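Peer 1: Input protein30.pdb, format and content: PDB, C-alpha atoms.
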ATOM      1  CA  MET A   1     -11.762 -15.886  -1.925  1.00  0.00           C
ATOM      2  CA  GLU A   2     -12.660 -12.693  -3.765  1.00  0.00           C
ATOM      3  CA  LEU A   3     -15.010 -11.619  -0.950  1.00  0.00           C
ATOM      4  CA  ILE A   4     -12.314 -12.047   1.700  1.00  0.00           C
ATOM      5  CA  LEU A   5      -9.827 -10.120  -0.435  1.00  0.00           C
ATOM      6  CA  ALA A   6     -12.355  -7.321  -1.040  1.00  0.00           C
ATOM      7  CA  ILE A   7     -13.089  -7.069   2.692  1.00  0.00           C
ATOM      8  CA  GLY A   8      -9.358  -6.972   3.443  1.00  0.00           C
ATOM      9  CA  ILE A   9      -8.792  -4.215   0.889  1.00  0.00           C
ATOM     10  CA  GLY A  10     -11.703  -2.257   2.338  1.00  0.00           C
ATOM     11  CA  VAL A  11     -10.436  -2.609   5.904  1.00  0.00           C
ATOM     12  CA  LEU A  12      -6.915  -1.552   4.902  1.00  0.00           C
ATOM     13  CA  ALA A  13      -8.179   1.431   2.907  1.00  0.00           C
ATOM     14  CA  GLY A  14     -10.578   2.521   5.658  1.00  0.00           C
ATOM     15  CA  SER A  15      -7.932   2.213   8.351  1.00  0.00           C
ATOM     16  CA  GLY A  16      -5.454   4.081   6.179  1.00  0.00           C
ATOM     17  CA  VAL A  17      -7.819   6.991   5.564  1.00  0.00           C
ATOM     18  CA  TRP A  18      -8.728   7.130   9.261  1.00  0.00           C
ATOM     19  CA  LEU A  19      -5.049   7.244  10.261  1.00  0.00           C
ATOM     20  CA  ILE A  20      -4.231   9.890   7.623  1.00  0.00           C
ATOM     21  CA  LEU A  21      -6.818  12.158   9.234  1.00  0.00           C
ATOM     22  CA  ARG A  22      -5.152  11.851  12.694  1.00  0.00           C
ATOM     23  CA  PRO A  23      -3.136  14.825  14.065  1.00  0.00           C
ATOM     24  CA  ARG A  24       0.160  12.983  14.709  1.00  0.00           C
ATOM     25  CA  SER A  25       2.806  12.587  12.006  1.00  0.00           C
ATOM     26  CA  PHE A  26       3.609   8.953  12.788  1.00  0.00           C
ATOM     27  CA  GLN A  27      -0.066   8.006  12.462  1.00  0.00           C
ATOM     28  CA  VAL A  28      -0.181   9.758   9.090  1.00  0.00           C
ATOM     29  CA  ILE A  29       2.830   7.752   7.890  1.00  0.00           C
ATOM     30  CA  ILE A  30       1.275   4.464   9.015  1.00  0.00           C
ATOM     31  CA  GLY A  31      -1.978   5.507   7.309  1.00  0.00           C
ATOM     32  CA  LEU A  32      -0.174   6.171   4.044  1.00  0.00           C
ATOM     33  CA  SER A  33       1.493   2.762   4.276  1.00  0.00           C
ATOM     34  CA  LEU A  34      -1.842   0.999   4.882  1.00  0.00           C
ATOM     35  CA  LEU A  35      -3.429   2.878   1.986  1.00  0.00           C
ATOM     36  CA  SER A  36      -0.570   1.885  -0.333  1.00  0.00           C
ATOM     37  CA  TYR A  37      -0.974  -1.768   0.723  1.00  0.00           C
ATOM     38  CA  ALA A  38      -4.687  -1.541  -0.104  1.00  0.00           C
ATOM     39  CA  VAL A  39      -3.948  -0.102  -3.541  1.00  0.00           C
ATOM     40  CA  ASN A  40      -1.323  -2.793  -4.188  1.00  0.00           C
ATOM     41  CA  LEU A  41      -3.780  -5.546  -3.263  1.00  0.00           C
ATOM     42  CA  PHE A  42      -6.429  -3.936  -5.478  1.00  0.00           C
ATOM     43  CA  ILE A  43      -4.056  -3.850  -8.468  1.00  0.00           C
ATOM     44  CA  PHE A  44      -3.042  -7.446  -7.760  1.00  0.00           C
ATOM     45  CA  ALA A  45      -6.686  -8.534  -7.642  1.00  0.00           C
ATOM     46  CA  MET A  46      -7.388  -6.815 -10.960  1.00  0.00           C
ATOM     47  CA  GLY A  47      -4.903  -9.201 -12.578  1.00  0.00           C
ATOM     48  CA  ARG A  48      -7.306 -12.088 -11.881  1.00  0.00           C
ATOM     49  CA  LEU A  49      -6.821 -14.345  -8.888  1.00  0.00           C
ATOM     50  CA  GLY A  50      -5.621 -17.843  -9.653  1.00  0.00           C
ATOM     51  CA  LEU A  51      -3.918 -20.495  -7.598  1.00  0.00           C
ATOM     52  CA  GLY A  52      -1.131 -22.605  -9.060  1.00  0.00           C
ATOM     53  CA  LEU A  53      -1.244 -21.006 -12.500  1.00  0.00           C
ATOM     54  CA  PRO A  54       2.092 -20.157 -14.160  1.00  0.00           C
ATOM     55  CA  PRO A  55       2.817 -16.521 -15.126  1.00  0.00           C
ATOM     56  CA  VAL A  56       4.775 -17.529 -18.238  1.00  0.00           C
ATOM     57  CA  VAL A  57       3.075 -18.740 -21.417  1.00  0.00           C
ATOM     58  CA  ASP A  58       4.403 -21.906 -22.984  1.00  0.00           C
ATOM     59  CA  PRO A  59       4.855 -21.262 -26.739  1.00  0.00           C
ATOM     60  CA  ASN A  60       4.035 -24.906 -27.533  1.00  0.00           C
ATOM     61  CA  VAL A  61       0.624 -24.753 -25.837  1.00  0.00           C
ATOM     62  CA  PRO A  62      -2.314 -22.980 -27.550  1.00  0.00           C
ATOM     63  CA  MET A  63      -3.101 -19.562 -26.009  1.00  0.00           C
ATOM     64  CA  ASP A  64      -5.864 -19.735 -23.393  1.00  0.00           C
ATOM     65  CA  SER A  65      -6.197 -16.958 -20.807  1.00  0.00           C
ATOM     66  CA  SER A  66      -7.489 -19.359 -18.160  1.00  0.00           C
ATOM     67  CA  THR A  67      -4.261 -21.413 -18.127  1.00  0.00           C
ATOM     68  CA  PHE A  68      -1.886 -18.669 -16.935  1.00  0.00           C
ATOM     69  CA  THR A  69      -1.841 -15.591 -14.716  1.00  0.00           C
ATOM     70  CA  ASP A  70      -1.068 -12.113 -15.931  1.00  0.00           C
ATOM     71  CA  PRO A  71       2.485 -11.197 -14.832  1.00  0.00           C
ATOM     72  CA  LEU A  72       2.017  -7.446 -15.435  1.00  0.00           C
ATOM     73  CA  PRO A  73       0.149  -6.709 -12.131  1.00  0.00           C
ATOM     74  CA  GLN A  74       2.773  -8.683 -10.229  1.00  0.00           C
ATOM     75  CA  ALA A  75       5.564  -6.619 -11.799  1.00  0.00           C
ATOM     76  CA  LEU A  76       3.686  -3.382 -11.094  1.00  0.00           C
ATOM     77  CA  ILE A  77       3.193  -4.351  -7.463  1.00  0.00           C
ATOM     78  CA  LEU A  78       6.838  -5.276  -6.949  1.00  0.00           C
ATOM     79  CA  THR A  79       7.821  -1.868  -8.305  1.00  0.00           C
ATOM     80  CA  ALA A  80       5.206  -0.146  -6.137  1.00  0.00           C
ATOM     81  CA  ILE A  81       6.457  -1.964  -3.028  1.00  0.00           C
ATOM     82  CA  VAL A  82      10.018  -0.736  -3.623  1.00  0.00           C
ATOM     83  CA  ILE A  83       8.832   2.834  -4.234  1.00  0.00           C
ATOM     84  CA  GLY A  84       6.572   2.600  -1.160  1.00  0.00           C
ATOM     85  CA  PHE A  85       9.484   1.596   1.087  1.00  0.00           C
ATOM     86  CA  ALA A  86      11.556   4.502  -0.236  1.00  0.00           C
ATOM     87  CA  MET A  87       8.704   6.963   0.347  1.00  0.00           C
ATOM     88  CA  THR A  88       8.134   5.633   3.875  1.00  0.00           C
ATOM     89  CA  ALA A  89      11.835   6.055   4.667  1.00  0.00           C
ATOM     90  CA  LEU A  90      11.739   9.618   3.302  1.00  0.00           C
ATOM     91  CA  PHE A  91       8.630  10.422   5.377  1.00  0.00           C
ATOM     92  CA  LEU A  92      10.303   9.031   8.519  1.00  0.00           C
ATOM     93  CA  VAL A  93      13.358  11.233   7.961  1.00  0.00           C
ATOM     94  CA  VAL A  94      11.131  14.279   7.450  1.00  0.00           C
ATOM     95  CA  LEU A  95       9.217  13.323  10.623  1.00  0.00           C
ATOM     96  CA  ILE A  96      12.410  13.071  12.674  1.00  0.00           C
ATOM     97  CA  VAL A  97      13.710  16.416  11.370  1.00  0.00           C
ATOM     98  CA  ALA A  98      10.373  18.142  11.989  1.00  0.00           C
ATOM     99  CA  ARG A  99      10.210  16.691  15.496  1.00  0.00           C
ATOM    100  CA  GLY A 100      13.752  17.937  16.175  1.00  0.00           C
ATOM    101  CA  LEU A 101      12.999  21.433  14.890  1.00  0.00           C
ATOM    102  CA  THR A 102       9.579  21.945  16.465  1.00  0.00           C
ATOM    103  CA  GLY A 103       9.737  19.643  19.507  1.00  0.00           C
ATOM    104  CA  THR A 104       6.390  18.024  18.650  1.00  0.00           C
ATOM    105  CA  ASP A 105       5.065  15.480  16.176  1.00  0.00           C
ATOM    106  CA  HIS A 106       1.770  17.282  15.592  1.00  0.00           C
ATOM    107  CA  VAL A 107       1.125  17.768  11.861  1.00  0.00           C
ATOM    108  CA  ASP A 108       0.705  21.535  12.361  1.00  0.00           C
ATOM    109  CA  GLY A 109       3.966  21.809  14.279  1.00  0.00           C
ATOM    110  CA  ARG A 110       2.370  22.901  17.547  1.00  0.00           C
ATOM    111  CA  GLU A 111       0.248  21.230  20.160  1.00  0.00           C
ATOM    112  CA  PRO A 112      -3.428  22.187  20.464  1.00  0.00           C
ATOM    113  CA  GLY A 113      -3.930  24.873  23.075  1.00  0.00           C
ATOM    114  CA  GLN A 114      -0.545  26.525  22.532  1.00  0.00           C
TER     115      GLN A 114
END
Starting from the coordinates I provided, produce the structure as C-alpha cells.
Peer 2:
Amino acid sequence: MELILAIGIGVLAGSGVWLILRPRSFQVIIGLSLLSYAVNLFIFAMGRLGLGLPPVVDPNVPMDSSTFTDPLPQALILTAIVIGFAMTALFLVVLIVARGLTGTDHVDGREPGQ
C-alpha cells in the first residue's frame, strides 16, 4: 500500500511540475493544484497509514501508538484543502482578468512571435 501511495504522490508531483512549466495560465493553475494534492497526500502518509484505526484515544485503554491513528495530519490536510480551493479560485479570477486585459492566456501576456 505504501508503494502505490508513493508512486501516486510521485506521479502527481511530476505532472504538477511539468504543467507549471507550461506557457499557458490554465495549465499552470492545474499544475499548482496537482502539486498541492501531492503535498497533501505526502503529509497524510507521514501520519502513518492505518486502516480501521480510530483517531481518538480512549482514556480507559492503555496508550499504544499502534491502536490509533494520528489526527493531526488529517486536520492539517483538511485545512490545506480549504486554503487550496481558495487559492485556486483566486488564481482563476486573476487568469480571467489577465485574459480580458491582454487577450491571451500566455503567462508572459503575449503570444510567441508577436
Peer 1: Would you mind listing what lies within 6 Å of Gly16 (chain A) as a list in words, with all atoms listed in the file counted and same-chain residues fewer than 2 positions away left out?
Peer 2: Leu12, Ala13, Gly14, Trp18, Leu19, Gly31, Leu34 and Leu35 of chain A
Peer 1: Separation of CA of Gly8 (chain A) and CA of Leu51 (chain A), in Å?
Peer 2: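 It comes out at 18.3 Å.
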Peer 1: Choose the residue, out of A:Arg24, A:Phe44, A:Val93, A:Thr67, that has the smallest atom-to-atom separation from Pro112 (chain A); count all atoms listed in the file.
Peer 2: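 Comparing A:Arg24, A:Phe44, A:Val93, A:Thr67 against Pro112 (chain A), the winner is A:Arg24.
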Peer 1: So how far away is CA of Leu3 (chain A) from CA of Thr88 (chain A), in Å?
Peer 2: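 CA of Leu3 (chain A) lies at a distance of 29.3 Å from CA of Thr88 (chain A).
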Peer 1: Using the chain letters and numbering of this document, enumerate as a PyMOL selection string the residues selected by the PyMOL selection byres ((chain A and resi 69) around 10).
Peer 2: chain A and resi 47-57+65-68+70-74
Peer 1: Counting all atoms listed in the file, which residues sit no farther than 12 Å from the position (1.8, 7.3, 13.3) in the file's frame? I'd like them as a PyMOL selection string.
Peer 2: chain A and resi 16+18-34+88+91-92+95+105-107
Peer 1: How many Å separate CA of Ala86 (chain A) from CA of Ile9 (chain A)?
Peer 2: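 Separation between CA of Ala86 (chain A) and CA of Ile9 (chain A): 22.2 Å.
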Peer 1: Given the choices A:Ser15, A:Gly113, A:Glu2, A:Asp108, which gets closest to Met46 (chain A) if the distance is worked out from all atoms listed in the file?
Peer 2: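 Going through A:Ser15, A:Gly113, A:Glu2, A:Asp108 one by one, the smallest distance to Met46 (chain A) is for A:Glu2.
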Peer 1: Which residue out of A:Leu41, A:Ala6, A:Met1, A:Val17 has the minimum interatomic distance to Ile81 (chain A) when all atoms listed in the file are used?
Peer 2: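 Going through A:Leu41, A:Ala6, A:Met1, A:Val17 one by one, the smallest distance to Ile81 (chain A) is for A:Leu41.
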